[in-house]
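Enquirer: Pasting entry-v9.txt below, which is compact mmCIF, C-alpha atoms and all ligand atoms.
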```txt
# COMPACT_ATOMS: atom_id res chain seq x y z
CA MET A 1 -17.45 -215.04 7.73
CA SER A 2 -15.98 -213.28 10.69
CA ALA A 3 -12.37 -214.34 10.13
CA PRO A 4 -9.93 -211.47 10.70
CA LEU A 5 -8.10 -212.06 7.41
CA MET A 6 -9.08 -210.93 3.94
CA ASN A 7 -10.22 -213.82 1.83
CA THR A 8 -7.21 -213.97 -0.51
CA TYR A 9 -6.20 -217.61 -0.02
CA ALA A 10 -8.17 -220.87 0.11
CA ARG A 11 -6.02 -222.11 2.97
CA LEU A 12 -5.49 -225.76 3.83
CA PRO A 13 -6.62 -226.71 7.33
CA VAL A 14 -3.17 -227.17 8.79
CA SER A 15 -0.76 -224.84 10.54
CA PHE A 16 2.88 -225.49 11.10
CA VAL A 17 4.51 -224.55 14.35
CA LYS A 18 8.08 -225.73 13.93
CA GLY A 19 10.54 -226.70 11.23
CA GLU A 20 13.98 -228.19 10.86
CA SER A 21 15.67 -228.59 7.49
CA ALA A 22 13.09 -230.32 5.23
CA THR A 23 10.77 -231.36 8.06
CA LEU A 24 7.80 -229.40 9.37
CA TRP A 25 5.59 -230.14 12.39
CA ASP A 26 1.96 -229.04 12.66
CA SER A 27 0.08 -227.92 15.76
CA GLU A 28 -1.01 -231.54 16.40
CA GLY A 29 2.57 -232.76 16.46
CA LYS A 30 2.37 -234.52 13.08
CA SER A 31 5.52 -234.28 10.94
CA TYR A 32 5.72 -233.58 7.20
CA LEU A 33 8.42 -233.87 4.57
CA ASP A 34 8.55 -230.51 2.81
CA ALA A 35 8.84 -230.71 -0.99
CA LEU A 36 7.75 -227.09 -1.47
CA ALA A 37 10.03 -224.99 0.77
CA GLY A 38 7.44 -222.22 1.12
CA ILE A 39 7.30 -221.98 -2.71
CA ALA A 40 11.03 -222.05 -3.50
CA VAL A 41 11.87 -219.77 -0.59
CA CYS A 42 13.55 -221.89 2.09
CA GLY A 43 16.40 -223.30 0.00
CA LEU A 44 18.43 -223.89 3.14
CA GLY A 45 15.46 -225.56 4.79
CA HIS A 46 13.63 -224.41 7.90
CA ALA A 47 15.37 -222.89 10.90
CA HIS A 48 18.84 -223.14 9.33
CA PRO A 49 21.26 -222.40 12.20
CA ALA A 50 23.39 -219.93 10.19
CA VAL A 51 20.30 -217.94 9.18
CA THR A 52 18.89 -217.99 12.70
CA GLU A 53 22.24 -216.84 14.07
CA THR A 54 22.40 -213.93 11.62
CA ILE A 55 18.83 -212.84 12.31
CA CYS A 56 19.45 -212.86 16.06
CA THR A 57 22.86 -211.18 16.04
CA GLN A 58 21.90 -208.48 13.53
CA ALA A 59 18.53 -207.82 15.19
CA ALA A 60 20.37 -207.27 18.46
CA LYS A 61 22.67 -204.74 16.74
CA LEU A 62 20.58 -202.82 14.20
CA THR A 63 17.56 -203.65 12.02
CA HIS A 64 16.70 -200.47 10.13
CA THR A 65 18.14 -197.05 9.44
CA SER A 66 16.64 -195.98 6.02
CA ASN A 67 18.25 -195.52 2.63
CA LEU A 68 19.06 -191.92 3.49
CA PHE A 69 22.32 -193.36 4.82
CA ARG A 70 24.93 -195.84 3.65
CA ILE A 71 24.16 -199.38 4.72
CA PRO A 72 27.29 -201.59 4.79
CA ALA A 73 25.29 -204.86 4.82
CA GLN A 74 23.53 -203.72 1.63
CA GLU A 75 26.83 -202.92 -0.08
CA GLN A 76 28.27 -206.30 0.97
CA LEU A 77 25.31 -208.31 -0.31
CA GLY A 78 25.26 -206.18 -3.46
CA ALA A 79 28.93 -206.87 -4.10
CA LEU A 80 28.43 -210.63 -3.64
CA LEU A 81 25.41 -210.72 -5.97
CA ILE A 82 27.35 -208.77 -8.60
CA GLU A 83 30.36 -211.05 -8.26
CA GLN A 84 28.14 -214.12 -8.66
CA SER A 85 26.07 -212.79 -11.57
CA GLY A 86 28.36 -210.53 -13.59
CA MET A 87 25.79 -207.75 -13.32
CA ASP A 88 26.85 -204.16 -12.48
CA ASN A 89 24.58 -202.92 -9.69
CA VAL A 90 21.53 -203.70 -7.63
CA PHE A 91 18.42 -202.18 -6.05
CA PHE A 92 17.04 -204.00 -2.99
CA SER A 93 13.30 -204.40 -2.38
CA ASN A 94 11.20 -206.43 0.05
CA SER A 95 9.51 -208.79 -2.39
CA GLY A 96 9.51 -210.22 -5.88
CA ALA A 97 6.75 -207.99 -7.20
CA GLU A 98 8.65 -204.91 -6.06
CA ALA A 99 11.83 -206.14 -7.72
CA ASN A 100 9.85 -206.51 -10.96
CA GLU A 101 8.36 -203.03 -10.52
CA ALA A 102 11.92 -201.69 -10.50
CA ALA A 103 12.68 -203.67 -13.68
CA ILE A 104 9.54 -202.34 -15.38
CA LYS A 105 10.49 -198.78 -14.45
CA LEU A 106 13.99 -199.36 -15.88
CA ALA A 107 12.43 -200.53 -19.15
CA ARG A 108 10.32 -197.37 -19.32
CA LEU A 109 13.32 -195.12 -18.65
CA HIS A 110 15.26 -197.02 -21.31
CA GLY A 111 12.44 -196.47 -23.80
CA HIS A 112 12.02 -192.77 -23.07
CA LYS A 113 15.77 -192.28 -23.38
CA GLN A 114 15.36 -193.36 -27.01
CA SER A 115 12.41 -190.98 -27.44
CA ILE A 116 9.83 -193.76 -27.43
CA GLU A 117 6.71 -191.99 -26.24
CA ASN A 118 4.81 -195.10 -25.06
CA PRO A 119 7.43 -197.75 -24.33
CA ALA A 120 6.16 -201.33 -24.19
CA ILE A 121 7.54 -204.53 -22.70
CA ILE A 122 7.13 -207.94 -24.32
CA VAL A 123 5.79 -210.46 -21.78
CA MET A 124 4.77 -214.11 -22.09
CA GLU A 125 1.63 -216.18 -21.91
CA ASN A 126 1.45 -218.28 -18.71
CA SER A 127 4.00 -216.04 -17.01
CA PHE A 128 3.83 -214.93 -13.40
CA HIS A 129 5.41 -211.69 -12.23
CA GLY A 130 3.50 -210.68 -9.09
CA ARG A 131 0.32 -209.04 -7.78
CA THR A 132 0.92 -205.29 -7.92
CA MET A 133 -0.93 -203.49 -10.73
CA ALA A 134 2.02 -203.43 -13.14
CA THR A 135 3.24 -206.95 -12.33
CA LEU A 136 -0.24 -208.49 -12.49
CA THR A 137 -0.63 -206.86 -15.90
CA ALA A 138 2.70 -208.39 -16.95
CA THR A 139 1.44 -211.77 -15.70
CA GLY A 140 0.03 -213.98 -18.46
CA ASN A 141 -2.96 -215.36 -16.61
CA ARG A 142 -6.55 -214.12 -17.08
CA LYS A 143 -7.51 -215.16 -13.53
CA VAL A 144 -4.88 -212.80 -12.13
CA HIS A 145 -6.25 -209.90 -14.23
CA ALA A 146 -9.98 -210.52 -13.67
CA GLY A 147 -11.72 -207.72 -11.81
CA PHE A 148 -8.71 -205.43 -11.67
CA GLU A 149 -9.17 -203.61 -14.96
CA PRO A 150 -8.14 -201.06 -16.12
CA LEU A 151 -4.77 -202.79 -16.38
CA VAL A 152 -1.49 -200.93 -16.86
CA GLN A 153 -0.58 -199.93 -20.40
CA GLY A 154 2.64 -200.84 -22.15
CA PHE A 155 2.72 -204.64 -22.29
CA VAL A 156 2.62 -206.85 -25.39
CA ARG A 157 2.05 -210.56 -24.88
CA VAL A 158 3.44 -213.46 -26.92
CA PRO A 159 3.52 -217.26 -26.41
CA TYR A 160 6.34 -218.63 -24.21
CA ASP A 161 9.25 -220.48 -25.81
CA ASP A 162 8.33 -219.06 -29.23
CA ILE A 163 11.28 -217.03 -30.49
CA GLU A 164 9.61 -216.20 -33.82
CA SER A 165 6.77 -214.31 -32.14
CA ILE A 166 9.35 -212.08 -30.41
CA LYS A 167 11.30 -211.60 -33.62
CA ASN A 168 8.07 -210.57 -35.37
CA LEU A 169 7.76 -207.65 -32.95
CA SER A 170 11.08 -206.17 -34.12
CA LYS A 171 9.04 -203.91 -36.41
CA ASN A 172 7.12 -202.50 -33.42
CA SER A 173 9.00 -199.31 -32.61
CA ASN A 174 7.38 -199.02 -29.14
CA ILE A 175 9.16 -202.05 -27.68
CA ALA A 176 11.82 -201.24 -25.08
CA ALA A 177 12.34 -204.57 -23.32
CA VAL A 178 11.52 -208.27 -22.97
CA LEU A 179 10.57 -209.63 -19.52
CA VAL A 180 10.72 -213.42 -19.22
CA GLU A 181 11.19 -216.24 -16.70
CA PRO A 182 14.07 -218.61 -17.64
CA VAL A 183 11.78 -221.43 -16.47
CA GLN A 184 8.12 -220.61 -15.86
CA GLY A 185 7.22 -221.53 -12.29
CA GLU A 186 3.55 -220.79 -11.60
CA GLY A 187 2.82 -221.39 -15.29
CA GLY A 188 3.61 -225.11 -14.89
CA VAL A 189 7.40 -225.60 -14.59
CA ASN A 190 7.81 -224.88 -18.30
CA VAL A 191 11.41 -225.35 -19.41
CA PRO A 192 12.03 -223.61 -22.74
CA ASP A 193 14.24 -224.87 -25.56
CA GLU A 194 17.97 -224.55 -24.83
CA SER A 195 18.27 -221.90 -27.55
CA TYR A 196 15.46 -219.67 -26.23
CA LEU A 197 17.36 -217.28 -23.94
CA LYS A 198 20.19 -216.96 -26.43
CA GLY A 199 17.66 -216.15 -29.14
CA ILE A 200 16.07 -213.46 -26.98
CA ARG A 201 19.53 -212.03 -26.23
CA GLU A 202 20.26 -211.69 -29.97
CA ILE A 203 16.93 -210.03 -30.74
CA CYS A 204 17.39 -207.61 -27.81
CA ASP A 205 20.89 -206.72 -29.01
CA ASP A 206 19.67 -206.16 -32.58
CA ASN A 207 16.85 -203.87 -31.44
CA ASN A 208 18.39 -202.11 -28.44
CA TRP A 209 15.84 -203.71 -26.10
CA LEU A 210 16.61 -204.61 -22.49
CA MET A 211 16.62 -208.35 -21.81
CA MET A 212 15.03 -208.67 -18.39
CA LEU A 213 14.94 -212.03 -16.60
CA ASP A 214 12.54 -212.71 -13.77
CA GLU A 215 14.65 -215.12 -11.68
CA ILE A 216 12.53 -214.65 -8.58
CA GLN A 217 11.75 -218.38 -8.51
CA THR A 218 14.66 -219.77 -10.55
CA GLY A 219 17.45 -217.77 -8.87
CA ILE A 220 19.69 -218.56 -5.88
CA GLY A 221 20.63 -222.11 -6.82
CA ARG A 222 17.15 -223.49 -7.47
CA THR A 223 17.85 -224.76 -11.02
CA GLY A 224 21.34 -226.11 -10.33
CA LYS A 225 23.13 -222.84 -11.17
CA MET A 226 23.23 -219.76 -8.96
CA PHE A 227 21.05 -218.07 -11.61
CA ALA A 228 19.19 -219.99 -14.31
CA PHE A 229 20.68 -217.85 -17.09
CA GLN A 230 24.05 -219.40 -16.19
CA HIS A 231 22.93 -222.58 -17.95
CA THR A 232 23.67 -220.49 -21.07
CA ASP A 233 26.60 -218.25 -22.01
CA ILE A 234 24.55 -215.05 -22.21
CA LYS A 235 23.84 -212.39 -19.59
CA PRO A 236 20.66 -210.38 -19.13
CA ASP A 237 20.55 -206.58 -18.84
CA VAL A 238 18.20 -206.77 -15.87
CA MET A 239 17.51 -209.63 -13.46
CA THR A 240 15.10 -209.81 -10.55
CA LEU A 241 15.45 -212.02 -7.47
CA ALA A 242 13.51 -212.63 -4.28
CA LYS A 243 12.24 -216.01 -3.06
CA GLY A 244 15.43 -217.93 -2.30
CA LEU A 245 17.44 -214.87 -1.33
CA GLY A 246 16.21 -214.50 2.25
CA ASN A 247 15.32 -218.12 3.09
CA GLY A 248 12.05 -216.72 4.46
CA PHE A 249 13.18 -213.26 5.50
CA PRO A 250 11.47 -210.88 3.02
CA ILE A 251 13.96 -209.43 0.53
CA GLY A 252 14.03 -208.87 -3.22
CA ALA A 253 16.58 -207.47 -5.64
CA CYS A 254 16.69 -205.94 -9.11
CA LEU A 255 20.13 -206.20 -10.73
CA ALA A 256 21.18 -204.28 -13.81
CA ARG A 257 24.11 -204.28 -16.23
CA GLY A 258 25.52 -201.94 -18.85
CA VAL A 259 23.15 -199.18 -20.01
CA ALA A 260 20.43 -200.50 -17.69
CA ALA A 261 22.72 -199.92 -14.70
CA GLU A 262 22.90 -196.20 -15.42
CA LEU A 263 19.21 -195.38 -15.77
CA PHE A 264 18.14 -194.67 -12.19
CA GLN A 265 19.16 -191.34 -10.68
CA PRO A 266 18.41 -190.14 -7.13
CA GLY A 267 14.69 -189.45 -6.90
CA ASN A 268 13.65 -191.96 -9.61
CA HIS A 269 12.97 -194.87 -7.32
CA GLY A 270 13.02 -195.79 -3.65
CA THR A 271 11.79 -197.84 -0.74
CA THR A 272 11.66 -197.35 3.01
CA TYR A 273 12.37 -200.92 4.12
CA GLY A 274 14.20 -202.30 1.09
CA GLY A 275 17.83 -203.20 1.70
CA ASN A 276 17.64 -202.82 5.47
CA PRO A 277 20.61 -204.10 7.51
CA LEU A 278 18.69 -207.13 8.80
CA GLY A 279 17.44 -208.38 5.42
CA CYS A 280 20.77 -207.82 3.71
CA SER A 281 22.73 -209.58 6.46
CA VAL A 282 20.41 -212.57 6.11
CA GLY A 283 20.76 -212.54 2.30
CA HIS A 284 24.53 -212.52 2.64
CA THR A 285 24.43 -215.50 5.02
CA VAL A 286 22.09 -217.40 2.68
CA LEU A 287 24.39 -216.89 -0.32
CA THR A 288 27.62 -217.74 1.50
CA THR A 289 26.04 -220.83 3.08
CA ILE A 290 24.89 -222.06 -0.34
CA LEU A 291 28.35 -221.43 -1.80
CA GLU A 292 30.34 -222.91 1.11
CA ASN A 293 28.29 -226.10 1.07
CA ASN A 294 28.44 -226.61 -2.71
CA LEU A 295 24.66 -226.74 -2.73
CA ILE A 296 24.42 -225.60 -6.34
CA GLN A 297 26.22 -228.58 -7.82
CA ARG A 298 24.37 -230.82 -5.38
CA THR A 299 21.07 -229.34 -6.61
CA GLU A 300 21.96 -229.99 -10.24
CA GLU A 301 22.86 -233.62 -9.53
CA LEU A 302 19.94 -234.32 -7.22
CA GLY A 303 17.47 -232.76 -9.65
CA LEU A 304 18.70 -234.95 -12.50
CA LYS A 305 18.51 -238.00 -10.26
CA MET A 306 14.96 -237.27 -9.11
CA ILE A 307 13.73 -236.62 -12.65
CA THR A 308 15.32 -239.89 -13.82
CA GLU A 309 13.65 -241.75 -10.97
CA PHE A 310 10.28 -240.16 -11.70
CA GLU A 311 10.66 -241.18 -15.33
CA LEU A 312 11.34 -244.77 -14.28
CA ALA A 313 8.40 -244.80 -11.88
CA LEU A 314 5.81 -242.85 -13.89
CA GLY A 315 7.15 -242.24 -17.39
CA ASP A 316 5.31 -245.16 -18.97
CA GLN A 317 1.90 -244.28 -17.57
CA ALA A 318 -0.64 -243.01 -20.09
CA PHE A 319 -2.00 -240.46 -17.57
CA VAL A 320 1.43 -238.80 -17.22
CA LYS A 321 1.80 -236.24 -19.97
CA ASP A 322 5.28 -234.98 -19.11
CA ILE A 323 8.01 -235.07 -16.47
CA ARG A 324 10.28 -232.05 -16.64
CA GLY A 325 12.37 -229.63 -14.67
CA LEU A 326 15.71 -228.01 -14.04
CA GLY A 327 17.60 -228.63 -10.81
CA LEU A 328 15.18 -228.92 -7.90
CA MET A 329 12.35 -227.29 -9.81
CA ILE A 330 10.40 -230.32 -10.96
CA GLY A 331 7.03 -230.64 -12.69
CA ILE A 332 4.94 -233.73 -13.39
CA GLU A 333 2.08 -233.01 -15.76
CA ILE A 334 -0.98 -235.26 -15.42
CA ASP A 335 -3.71 -235.62 -18.04
CA ARG A 336 -6.38 -234.15 -15.72
CA PRO A 337 -6.75 -231.43 -13.06
CA CYS A 338 -5.08 -232.78 -9.94
CA GLY A 339 -5.38 -230.08 -7.28
CA ASP A 340 -6.81 -232.72 -4.89
CA LEU A 341 -3.35 -234.27 -4.71
CA VAL A 342 -2.18 -231.47 -2.42
CA LYS A 343 -4.61 -232.51 0.33
CA MET A 344 -3.93 -236.22 -0.23
CA ALA A 345 -0.20 -235.54 0.11
CA LEU A 346 -0.75 -233.53 3.27
CA ASP A 347 -2.66 -236.44 4.82
CA ALA A 348 0.29 -238.64 3.87
CA GLY A 349 2.77 -236.26 5.54
CA LEU A 350 4.14 -234.65 2.38
CA ILE A 351 3.95 -231.03 1.24
CA ILE A 352 3.67 -230.53 -2.51
CA ASN A 353 2.04 -228.01 -4.82
CA VAL A 354 -0.11 -228.25 -7.93
CA THR A 355 0.06 -225.38 -10.40
CA ALA A 356 -1.52 -224.67 -13.80
CA ASP A 357 -4.33 -227.09 -12.75
CA SER A 358 -2.58 -230.31 -13.71
CA VAL A 359 1.13 -229.94 -12.94
CA ILE A 360 2.52 -231.36 -9.70
CA ARG A 361 5.24 -228.91 -8.74
CA LEU A 362 8.11 -229.92 -6.46
CA LEU A 363 10.45 -227.27 -5.02
CA PRO A 364 12.13 -228.99 -2.08
CA PRO A 365 14.82 -227.30 0.02
CA LEU A 366 18.23 -227.55 -1.68
CA VAL A 367 19.52 -229.24 1.48
CA ILE A 368 17.40 -232.40 1.27
CA SER A 369 19.26 -235.66 1.83
CA ASP A 370 19.41 -238.52 -0.67
CA ALA A 371 17.00 -240.44 1.54
CA GLU A 372 14.55 -237.52 1.60
CA ALA A 373 14.75 -237.15 -2.18
CA GLU A 374 14.04 -240.87 -2.47
CA ARG A 375 11.05 -240.57 -0.13
CA ILE A 376 9.64 -237.67 -2.17
CA VAL A 377 9.84 -239.73 -5.36
CA GLN A 378 8.25 -242.79 -3.74
CA LYS A 379 5.48 -240.87 -1.98
CA VAL A 380 4.57 -238.73 -4.98
CA THR A 381 4.52 -241.80 -7.22
CA GLN A 382 2.22 -243.66 -4.82
CA LEU A 383 -0.03 -240.62 -4.45
CA VAL A 384 -0.35 -240.19 -8.20
CA PHE A 385 -1.40 -243.83 -8.61
CA ASP A 386 -3.90 -243.47 -5.73
CA PHE A 387 -5.25 -240.26 -7.22
CA ILE A 388 -5.72 -241.74 -10.68
CA GLU A 389 -7.55 -244.71 -9.16
CA THR A 390 -10.01 -242.50 -7.27
CA SER A 391 -10.49 -240.09 -10.15
CA VAL A 392 -11.34 -243.02 -12.45
CA SER A 393 -13.80 -244.55 -10.02
CA ASP A 394 -15.40 -241.12 -9.57
CA GLY A 395 -16.23 -241.07 -13.23
CA GLU A 396 -17.87 -244.51 -13.26
C1 LIG A 401 6.77 -215.47 -6.67
C2 LIG A 401 7.10 -214.81 -7.93
C3 LIG A 401 6.92 -213.43 -8.10
C4 LIG A 401 6.29 -212.54 -7.04
O1 LIG A 401 7.03 -212.47 -5.87
P1 LIG A 401 6.34 -211.85 -4.54
O2 LIG A 401 7.45 -211.86 -3.53
O3 LIG A 401 5.20 -212.77 -4.18
O4 LIG A 401 5.86 -210.49 -4.87
C5 LIG A 401 7.31 -212.87 -9.30
N1 LIG A 401 7.85 -213.63 -10.28
C6 LIG A 401 8.03 -214.96 -10.15
C7 LIG A 401 8.66 -215.73 -11.27
C8 LIG A 401 7.65 -215.59 -8.99
O5 LIG A 401 7.80 -216.92 -8.87
```
What would you get if you wrote out this structure as structure tokens?
Expert:
Amino acid sequence: MSAPLMNTYARLPVSFVKGESATLWDSEGKSYLDALAGIAVCGLGHAHPAVTETICTQAAKLTHTSNLFRIPAQEQLGALLIEQSGMDNVFFSNSGAEANEAAIKLARLHGHKQSIENPAIIVMENSFHGRTMATLTATGNRKVHAGFEPLVQGFVRVPYDDIESIKNLSKNSNIAAVLVEPVQGEGGVNVPDESYLKGIREICDDNNWLMMLDEIQTGIGRTGKMFAFQHTDIKPDVMTLAKGLGNGFPIGACLARGVAAELFQPGNHGTTYGGNPLGCSVGHTVLTTILENNLIQRTEELGLKMITEFELALGDQAFVKDIRGLGLMIGIEIDRPCGDLVKMALDAGLIINVTADSVIRLLPPLVISDAEAERIVQKVTQLVFDFIETSVSDGE
């Protein structure tokens, strides 16, 4: 293979050249309804005019200066994120994995501060936290680890949505923190029991552990709250963000509260690009646009409506194991691997994702219209029936 790119993705044979809201056009001029939003990134849809305007105006003024100086756009976005989340401060990165790296470093500082020599973080099976060495180690997926050993030390893994297994680690004096997704994204749109986060909060309080939420996929309105933890009445000590924050412009954030907010000192952590004026201006526009257009409440309502409609259309079928989700993070679990559905959908002008082998994952832009939501439900339903038919006849 003489392709110029490293072979990290089995790419589909389509390339998009233009987008508008929830519609994408490929190089042949064919249009697609986007029910993926670049994996929960483009919450405001493609080429949102407010985002485009900010990128152009800020780029014409100033894009980068370095964190050796004060950056007003960074302070503004930080203040807005803190106001929205109730956290105390923020570190800006360029990606989700980097935001989690900051969180992992906070956990280690927190542990050492209590004289724990080898601090460990509790992480979950089927979790996804990124592709850097520490975040791939935190990730609960063998395929992500394979070939990259030796992995990073200091992680203890337990099943997701199993509060007892976390409680049982209270005796382990090395634990300094718990890192968990409020809803697992890559792991299959797994929504834990309503009491799960609250239970983790209590155990963390009892043991002086940091409760660290990876909201990289669930944050910025995706689940029908600005942050998924706001479905509960607890707050984390650390929260990481990325995907939805820049609507496609690369930016991540690690927010901290209370003792966690006082751990980093100058020299402990840094980044050249992170928090640059361009990225932070875009993040600020994304947040204010979401807030001004009441997109969070809209997401909550639309998500409930789509899940109800999917239940009506598919809930009785024996091959459908589960229909679940929170806001516009929707999973339909089929009784067999269904990766082929992605290509079938593409042919039918719809962009979807399949994760954890057998879970159709829908992450449409938060700005989709009622009619577009309806079309997603109808098309996915039809595709699932078509897929089941072909997969049965294959076996005959
Ligand atoms: C996407 C994702 C990450 C990694 O983000 P990158 O920007 O790809 O590094 C981490 N955690 C969760 C929950 C994610 O969905």
Enquirer: Near Phe319 in chain A, within 12 Å and counting only C-alpha atoms, which residues show up once chain neighbours fewer than 6 positions away are dropped, as a list in words?
Expert: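 After dropping sequence-adjacent residues, the list is Ile332, Glu333, Ile334, Asp335, Arg336, Pro337, Cys338, Ser358, Val359, Val384, Phe385, Phe387, Ile388, Glu389, Ser391 and Val392 of chain A.
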Enquirer: Find the residues near ligand LIG 401 (chain A). Use a cut-off of 7 Å, count all atoms listed in the file, and write them as a PDB file with C-alpha atoms, in the frame of the given file.
Expert:
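Ended up saving to result.pdb:
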```
ATOM      1  CA  SER A  95       9.510-208.790  -2.390  1.00  0.00           C
ATOM      2  CA  GLY A  96       9.510-210.220  -5.880  1.00  0.00           C
ATOM      3  CA  ALA A  97       6.750-207.990  -7.200  1.00  0.00           C
ATOM      4  CA  GLU A  98       8.650-204.910  -6.060  1.00  0.00           C
ATOM      5  CA  PHE A 128       3.830-214.930 -13.400  1.00  0.00           C
ATOM      6  CA  HIS A 129       5.410-211.690 -12.230  1.00  0.00           C
ATOM      7  CA  GLY A 130       3.500-210.680  -9.090  1.00  0.00           C
ATOM      8  CA  ARG A 131       0.320-209.040  -7.780  1.00  0.00           C
ATOM      9  CA  GLU A 181      11.190-216.240 -16.700  1.00  0.00           C
ATOM     10  CA  GLN A 184       8.120-220.610 -15.860  1.00  0.00           C
ATOM     11  CA  GLY A 185       7.220-221.530 -12.290  1.00  0.00           C
ATOM     12  CA  GLU A 186       3.550-220.790 -11.600  1.00  0.00           C
ATOM     13  CA  ASP A 214      12.540-212.710 -13.770  1.00  0.00           C
ATOM     14  CA  GLU A 215      14.650-215.120 -11.680  1.00  0.00           C
ATOM     15  CA  ILE A 216      12.530-214.650  -8.580  1.00  0.00           C
ATOM     16  CA  GLN A 217      11.750-218.380  -8.510  1.00  0.00           C
ATOM     17  CA  ALA A 242      13.510-212.630  -4.280  1.00  0.00           C
ATOM     18  CA  LYS A 243      12.240-216.010  -3.060  1.00  0.00           C
TER      19      LYS A 243
END
```
Enquirer: Got a sec: who's within 6 Å of Val41 in chain A, counting all atoms listed in the file, leaving out chain neighbours fewer than 5 positions off, as a PyMOL selection string?
Expert: chain A and resi 243-244+247-248
Enquirer: Work out how far apart CA of Pro72 in chain A and CA of Gly274 in chain A are and give it in Å to one decimal.
Expert: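 Taking CA of Pro72 in chain A as the start and CA of Gly274 in chain A as the end point, the length is 13.6 Å.
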Enquirer: Restricting the calculation to all atoms listed in the file: of A:Leu383, A:Leu362, A:Ala313, A:Ile163, which residue gets closest to Leu341 in chain A?
Expert: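 Once distances to Leu341 in chain A are computed over all atoms listed in the file, the minimum belongs to A:Leu383.
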Enquirer: A:Lys225, A:Ser281, A:Gly275, A:Met329: which is nearest Ser66 in chain A, counting only C-alpha atoms?
Expert: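 Among A:Lys225, A:Ser281, A:Gly275, A:Met329, it is A:Gly275 that comes nearest to Ser66 in chain A.
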Enquirer: For range 359-368 of chain A, I'd like the enclosing box, axis-aligned and padded by 5 Å on every side, reported as AutoDock Vina command-line options with centre and edge lengths in Å to one decimal.
Expert:
```
--center_x 10.3 --center_y -229.8 --center_z -5.7 --size_x 28.4 --size_y 15.1 --size_z 24.4
```
Enquirer: I'd like to know which of A:Leu81, A:Ile200, A:Ala356, A:Val377 is closest to Lys143 in chain A, using only C-alpha atoms.
Expert: A:Ala356
Enquirer: Using all atoms listed in the file, determine which residues lie at most 12 Å from Glu301 in chain A, disregarding the query and same-chain residues fewer than 2 positions distant; provide the list as a list in words.
Expert: Arg222, Thr223, Gly224, Lys225, Asn294, Leu295, Ile296, Gln297, Arg298, Thr299, Gly303, Leu304, Lys305, Met306, Ile307, Thr308, Leu326, Gly327, Leu328, Leu366, Asp370 and Ala373 of chain A
Enquirer: From the options A:His112, A:Arg157, A:His46, A:Lys61, which residue's atoms come nearest to Ser21 in chain A, counting only C-alpha atoms?
Expert: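 Checking each of A:His112, A:Arg157, A:His46, A:Lys61 against Ser21 in chain A, counting only C-alpha atoms, the winner is A:His46.
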Enquirer: With distances taken over only C-alpha atoms, which residue among A:Ala146, A:Ile39, A:Leu291, A:Val380 lies nearest Met226 in chain A?
Expert: A:Leu291
Enquirer: What lies within 12 Å of Gly258 in chain A using all atoms listed in the file, ignoring chain neighbours under 4 positions off, as a PyMOL selection string?
Expert: chain A and resi 86-89+110+208+210-211+235-238+262-263
